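Student: Got a file for you: upload_12.cif, mmCIF, C-alpha atoms.
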```
data_upload
loop_
_atom_site.label_atom_id
_atom_site.label_comp_id
_atom_site.auth_asym_id
_atom_site.auth_seq_id
_atom_site.Cartn_x
_atom_site.Cartn_y
_atom_site.Cartn_z
CA MET A 21 0.00 0.00 0.00
CA GLY A 22 1.65 3.20 -1.15
CA ARG A 23 1.07 6.65 0.20
CA VAL A 24 1.57 10.02 -1.47
CA VAL A 25 1.71 13.24 0.52
CA VAL A 26 0.54 16.49 -1.04
CA ASP A 27 1.23 19.75 0.81
CA VAL A 28 -0.67 22.90 -0.11
CA MET A 29 0.11 26.33 1.34
CA PRO A 30 -1.52 29.75 0.88
CA LYS A 31 0.49 31.87 -1.56
CA PRO A 32 2.87 34.28 0.24
CA GLU A 33 0.96 37.34 -0.95
CA ILE A 34 -2.38 35.99 0.30
CA LEU A 35 -3.57 36.90 3.80
CA ASP A 36 -3.70 33.83 6.02
CA PRO A 37 -6.03 34.59 8.97
CA GLN A 38 -5.63 31.10 10.53
CA GLY A 39 -1.86 31.44 10.51
CA LYS A 40 -2.10 34.97 11.94
CA ALA A 41 -4.32 33.70 14.77
CA VAL A 42 -1.80 30.98 15.62
CA ALA A 43 1.09 33.46 15.39
CA GLY A 44 -0.76 35.75 17.81
CA ALA A 45 -1.46 32.94 20.27
CA LEU A 46 2.02 31.40 20.41
CA PRO A 47 3.83 34.27 22.25
CA ARG A 48 1.02 34.45 24.82
CA LEU A 49 1.53 30.75 25.48
CA GLY A 50 5.28 31.00 25.97
CA PHE A 51 6.56 30.41 22.44
CA ALA A 52 8.13 33.77 21.66
CA GLN A 53 10.69 32.48 19.16
CA PHE A 54 8.22 32.07 16.29
CA ILE A 55 7.77 35.34 14.42
CA SER A 56 5.28 34.24 11.81
CA VAL A 57 3.06 31.28 11.02
CA ARG A 58 1.37 30.13 7.84
CA GLN A 59 -1.23 27.38 7.90
CA GLY A 60 -1.86 25.11 4.95
CA LYS A 61 -3.14 21.64 4.21
CA ARG A 62 -1.57 18.22 4.07
CA PHE A 63 -3.25 15.41 2.14
CA GLU A 64 -2.31 11.75 2.36
CA LEU A 65 -3.47 9.82 -0.72
CA GLU A 66 -3.38 6.07 -0.48
CA VAL A 67 -2.88 3.89 -3.54
CA ASP A 68 -3.37 0.18 -3.94
CA GLY A 69 0.16 -0.90 -4.87
CA ASP A 70 3.43 0.92 -5.20
CA VAL A 71 3.93 4.60 -5.83
CA THR A 72 5.13 4.61 -9.43
CA PRO A 73 6.16 7.72 -11.37
CA GLU A 74 2.72 7.54 -13.07
CA VAL A 75 1.00 7.65 -9.68
CA LEU A 76 3.15 10.63 -8.65
CA ALA A 77 2.28 12.42 -11.89
CA ALA A 78 -1.44 11.75 -11.29
CA ALA A 79 -1.06 13.00 -7.71
CA LEU A 80 0.56 16.21 -8.94
CA ASP A 81 -2.25 16.65 -11.46
CA ALA A 82 -4.86 16.05 -8.74
CA ALA A 83 -2.98 18.40 -6.40
CA GLU A 84 -3.10 21.22 -8.93
CA THR A 85 -6.69 20.69 -10.10
CA VAL A 86 -8.62 19.27 -7.13
CA LEU A 87 -6.65 19.61 -3.90
CA SER A 88 -5.59 23.23 -4.25
CA ASN A 89 -7.10 26.48 -5.49
CA PRO A 90 -4.38 27.81 -7.81
CA VAL A 91 -5.61 31.38 -7.39
CA ILE A 92 -4.70 31.49 -3.71
CA GLU A 93 -2.65 28.37 -3.00
CA ASP A 94 0.63 26.75 -4.03
CA VAL A 95 1.34 23.03 -4.14
CA VAL A 96 4.62 22.88 -2.24
CA ARG A 97 5.25 19.14 -2.09
CA VAL A 98 4.14 15.95 -3.82
CA ALA A 99 6.11 12.96 -2.59
CA ALA A 100 5.85 9.29 -1.77
CA VAL A 101 6.20 8.55 1.94
CA ALA A 102 6.54 5.49 4.09
CA ASP A 103 3.60 4.49 6.26
CA ALA A 104 2.64 7.26 8.65
CA ALA A 105 3.82 6.93 12.21
CA THR A 106 3.40 9.32 15.07
CA ILE A 107 6.37 11.06 16.57
CA GLY A 108 6.25 10.79 20.31
CA SER A 109 7.13 13.46 22.81
CA THR A 110 10.68 12.09 22.68
CA GLY A 111 10.53 14.03 19.50
CA ALA A 112 13.00 13.57 16.68
CA GLY A 113 11.61 15.24 13.56
CA ARG A 114 11.23 13.15 10.45
CA MET B 20 15.50 33.15 8.66
CA GLY B 21 14.73 29.58 9.64
CA ARG B 22 11.57 27.70 9.00
CA VAL B 23 10.07 24.76 10.85
CA VAL B 24 7.32 22.63 9.36
CA VAL B 25 4.79 20.94 11.62
CA ASP B 26 2.41 18.39 10.10
CA VAL B 27 -0.71 17.34 11.97
CA MET B 28 -3.04 14.55 10.81
CA PRO B 29 -6.30 13.20 12.20
CA LYS B 30 -5.71 9.98 14.14
CA PRO B 31 -6.39 6.86 12.03
CA GLU B 32 -9.38 5.83 14.15
CA ILE B 33 -11.00 9.27 13.83
CA LEU B 34 -13.51 9.91 11.04
CA ASP B 35 -12.16 12.48 8.57
CA PRO B 36 -15.11 13.95 6.63
CA GLN B 37 -12.94 16.34 4.58
CA GLY B 38 -10.71 13.48 3.45
CA LYS B 39 -13.76 11.35 2.68
CA ALA B 40 -15.21 14.15 0.54
CA VAL B 41 -11.96 14.43 -1.42
CA ALA B 42 -11.73 10.64 -1.78
CA GLY B 43 -15.27 10.62 -3.18
CA ALA B 44 -14.56 13.42 -5.64
CA LEU B 45 -11.27 12.13 -7.06
CA PRO B 46 -12.65 9.09 -8.97
CA ARG B 47 -15.42 11.25 -10.49
CA LEU B 48 -12.72 13.60 -11.77
CA GLY B 49 -10.60 10.89 -13.36
CA PHE B 50 -8.26 9.96 -10.53
CA ALA B 51 -9.32 6.38 -9.84
CA GLN B 52 -5.97 5.21 -8.47
CA PHE B 53 -6.40 6.81 -5.04
CA ILE B 54 -8.37 4.58 -2.72
CA SER B 55 -8.41 6.72 0.37
CA VAL B 56 -7.55 10.26 1.42
CA ARG B 57 -6.88 11.83 4.80
CA GLN B 58 -6.66 15.57 5.19
CA GLY B 59 -4.59 17.25 7.87
CA LYS B 60 -2.80 20.51 8.50
CA ARG B 61 0.63 21.84 7.71
CA PHE B 62 2.08 24.74 9.68
CA GLU B 63 5.16 26.72 8.69
CA LEU B 64 6.69 28.48 11.70
CA GLU B 65 9.29 31.12 10.95
CA VAL B 66 12.08 31.90 13.39
CA ASP B 67 14.45 34.84 13.43
CA GLY B 68 17.77 33.04 13.03
CA ASP B 69 18.75 29.44 12.58
CA VAL B 70 16.71 26.40 13.50
CA THR B 71 18.63 25.11 16.51
CA PRO B 72 17.76 21.92 18.43
CA GLU B 73 16.18 24.21 21.08
CA VAL B 74 13.92 25.77 18.44
CA LEU B 75 12.93 22.30 17.19
CA ALA B 76 12.14 21.21 20.75
CA ALA B 77 10.00 24.32 21.26
CA ALA B 78 8.26 23.64 17.95
CA LEU B 79 7.48 20.08 19.01
CA ASP B 80 6.14 21.38 22.31
CA ALA B 81 4.00 23.96 20.49
CA ALA B 82 2.87 21.29 18.01
CA GLU B 83 1.62 19.05 20.79
CA THR B 84 0.02 21.75 22.94
CA VAL B 85 -1.18 24.49 20.58
CA LEU B 86 -1.15 23.31 16.96
CA SER B 87 -2.84 19.95 17.44
CA ASN B 88 -5.68 18.54 19.50
CA PRO B 89 -4.10 15.40 21.01
CA VAL B 90 -7.52 13.77 21.47
CA ILE B 91 -8.16 13.54 17.75
CA GLU B 92 -4.87 14.44 16.01
CA ASP B 93 -1.30 13.18 15.74
CA VAL B 94 1.77 15.32 15.14
CA VAL B 95 3.42 13.40 12.31
CA ARG B 96 6.36 15.65 11.49
CA VAL B 97 8.39 18.47 13.04
CA ALA B 98 11.34 19.39 10.88
CA ALA B 99 13.47 22.27 9.71
CA VAL B 100 13.05 23.04 6.02
CA ALA B 101 14.71 25.26 3.49
CA ASP B 102 12.80 28.28 2.25
CA ALA B 103 9.52 27.28 0.65
CA ALA B 104 9.41 27.15 -3.10
CA THR B 105 6.58 26.11 -5.36
CA ILE B 106 6.83 23.02 -7.45
CA GLY B 107 5.79 23.83 -10.96
CA SER B 108 3.71 21.72 -13.28
CA THR B 109 7.01 20.23 -14.43
CA GLY B 110 6.52 18.52 -11.18
CA ALA B 111 9.34 16.73 -9.38
CA GLY B 112 8.30 16.11 -5.78
CA ARG B 113 10.49 17.43 -3.01
#
```
If you took the structure in this file and wrote it as structure tokens, what would it be?
Tutor:
Amino acid sequence: MGRVVVDVMPKPEILDPQGKAVAGALPRLGFAQFISVRQGKRFELEVDGDVTPEVLAAALDAAETVLSNPVIEDVVRVAAVADAATIGSTGAGR
Amino acid sequence: MGRVVVDVMPKPEILDPQGKAVAGALPRLGFAQFISVRQGKRFELEVDGDVTPEVLAAALDAAETVLSNPVIEDVVRVAAVADAATIGSTGAGR
């Protein structure tokens, strides 16, 4: 079972009220080191079988036509990933 | 200027209506290869300076306490990234 991740972010010139709300909340909650926040979307598409170059091309096509609004959003990543696992509070990024 | 990406996904056992809606739409639009879709959130946190291990630890802390709801969501990725760029329709994933 393959998995493709598609990341979509608001274009830099577009106002991002969700991100602004998070950026406003973080310093109040003790996280003063973050000066700005943008919030976008992450999709995980599952395919029956391996992630071939054809599947990746279809995922990019879907990302640009269905998963994002090209007027206000950019597709920033289309990539095959291993099965999702949670990072614990021990916390190495992956 | 450093940038940390935090990815948050709904837990596998939690119903994801947005993902289900996308999964239902894709086959109708010609993308029959994707059998299931989950939709989560991607945050880009900007820091003034480099992304040190301390910044990553703070980002993980923020991810687990502010950016996600631990009852229904998992933090799946906390990582430093290079400056965001758009992938074009030429389309190599990154």
Student: Please evaluate the PyMOL selection byres ((chain B) within 6 of (chain A)) against the structure above and give the resulting residues as a compact mmCIF listing (two decimals) with C-alpha atoms, in the frame of the given file.
Tutor:
```txt
# COMPACT_ATOMS: atom_id res chain seq x y z
CA GLN B 52 -5.97 5.21 -8.47
CA PHE B 53 -6.40 6.81 -5.04
CA ILE B 54 -8.37 4.58 -2.72
CA SER B 55 -8.41 6.72 0.37
CA VAL B 56 -7.55 10.26 1.42
CA ARG B 57 -6.88 11.83 4.80
CA GLN B 58 -6.66 15.57 5.19
CA GLY B 59 -4.59 17.25 7.87
CA LYS B 60 -2.80 20.51 8.50
CA ARG B 61 0.63 21.84 7.71
CA PHE B 62 2.08 24.74 9.68
CA GLU B 63 5.16 26.72 8.69
CA LEU B 64 6.69 28.48 11.70
CA GLU B 65 9.29 31.12 10.95
CA VAL B 66 12.08 31.90 13.39
CA VAL B 95 3.42 13.40 12.31
CA ARG B 96 6.36 15.65 11.49
CA VAL B 97 8.39 18.47 13.04
CA ALA B 98 11.34 19.39 10.88
CA THR B 105 6.58 26.11 -5.36
CA ILE B 106 6.83 23.02 -7.45
CA GLY B 112 8.30 16.11 -5.78
CA ARG B 113 10.49 17.43 -3.01
```
Student: Could you check how far CA of Val101 in chain A sits from CA of Glu32 in chain B, in Å to one decimal?
Tutor: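 One can read the CA of Val101 in chain A to CA of Glu32 in chain B distance as 20.0 Å.
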Student: So how many Å separate CA of Thr72 in chain A and CA of Ile33 in chain B, to one decimal?
Tutor: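 It comes out at 28.7 Å.
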Student: Work out how far CA of Pro30 in chain A is from CA of Ser88 in chain A, in Å to one decimal.
Tutor: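 Separation between CA of Ser88 in chain A and CA of Pro30 in chain A: 9.2 Å.
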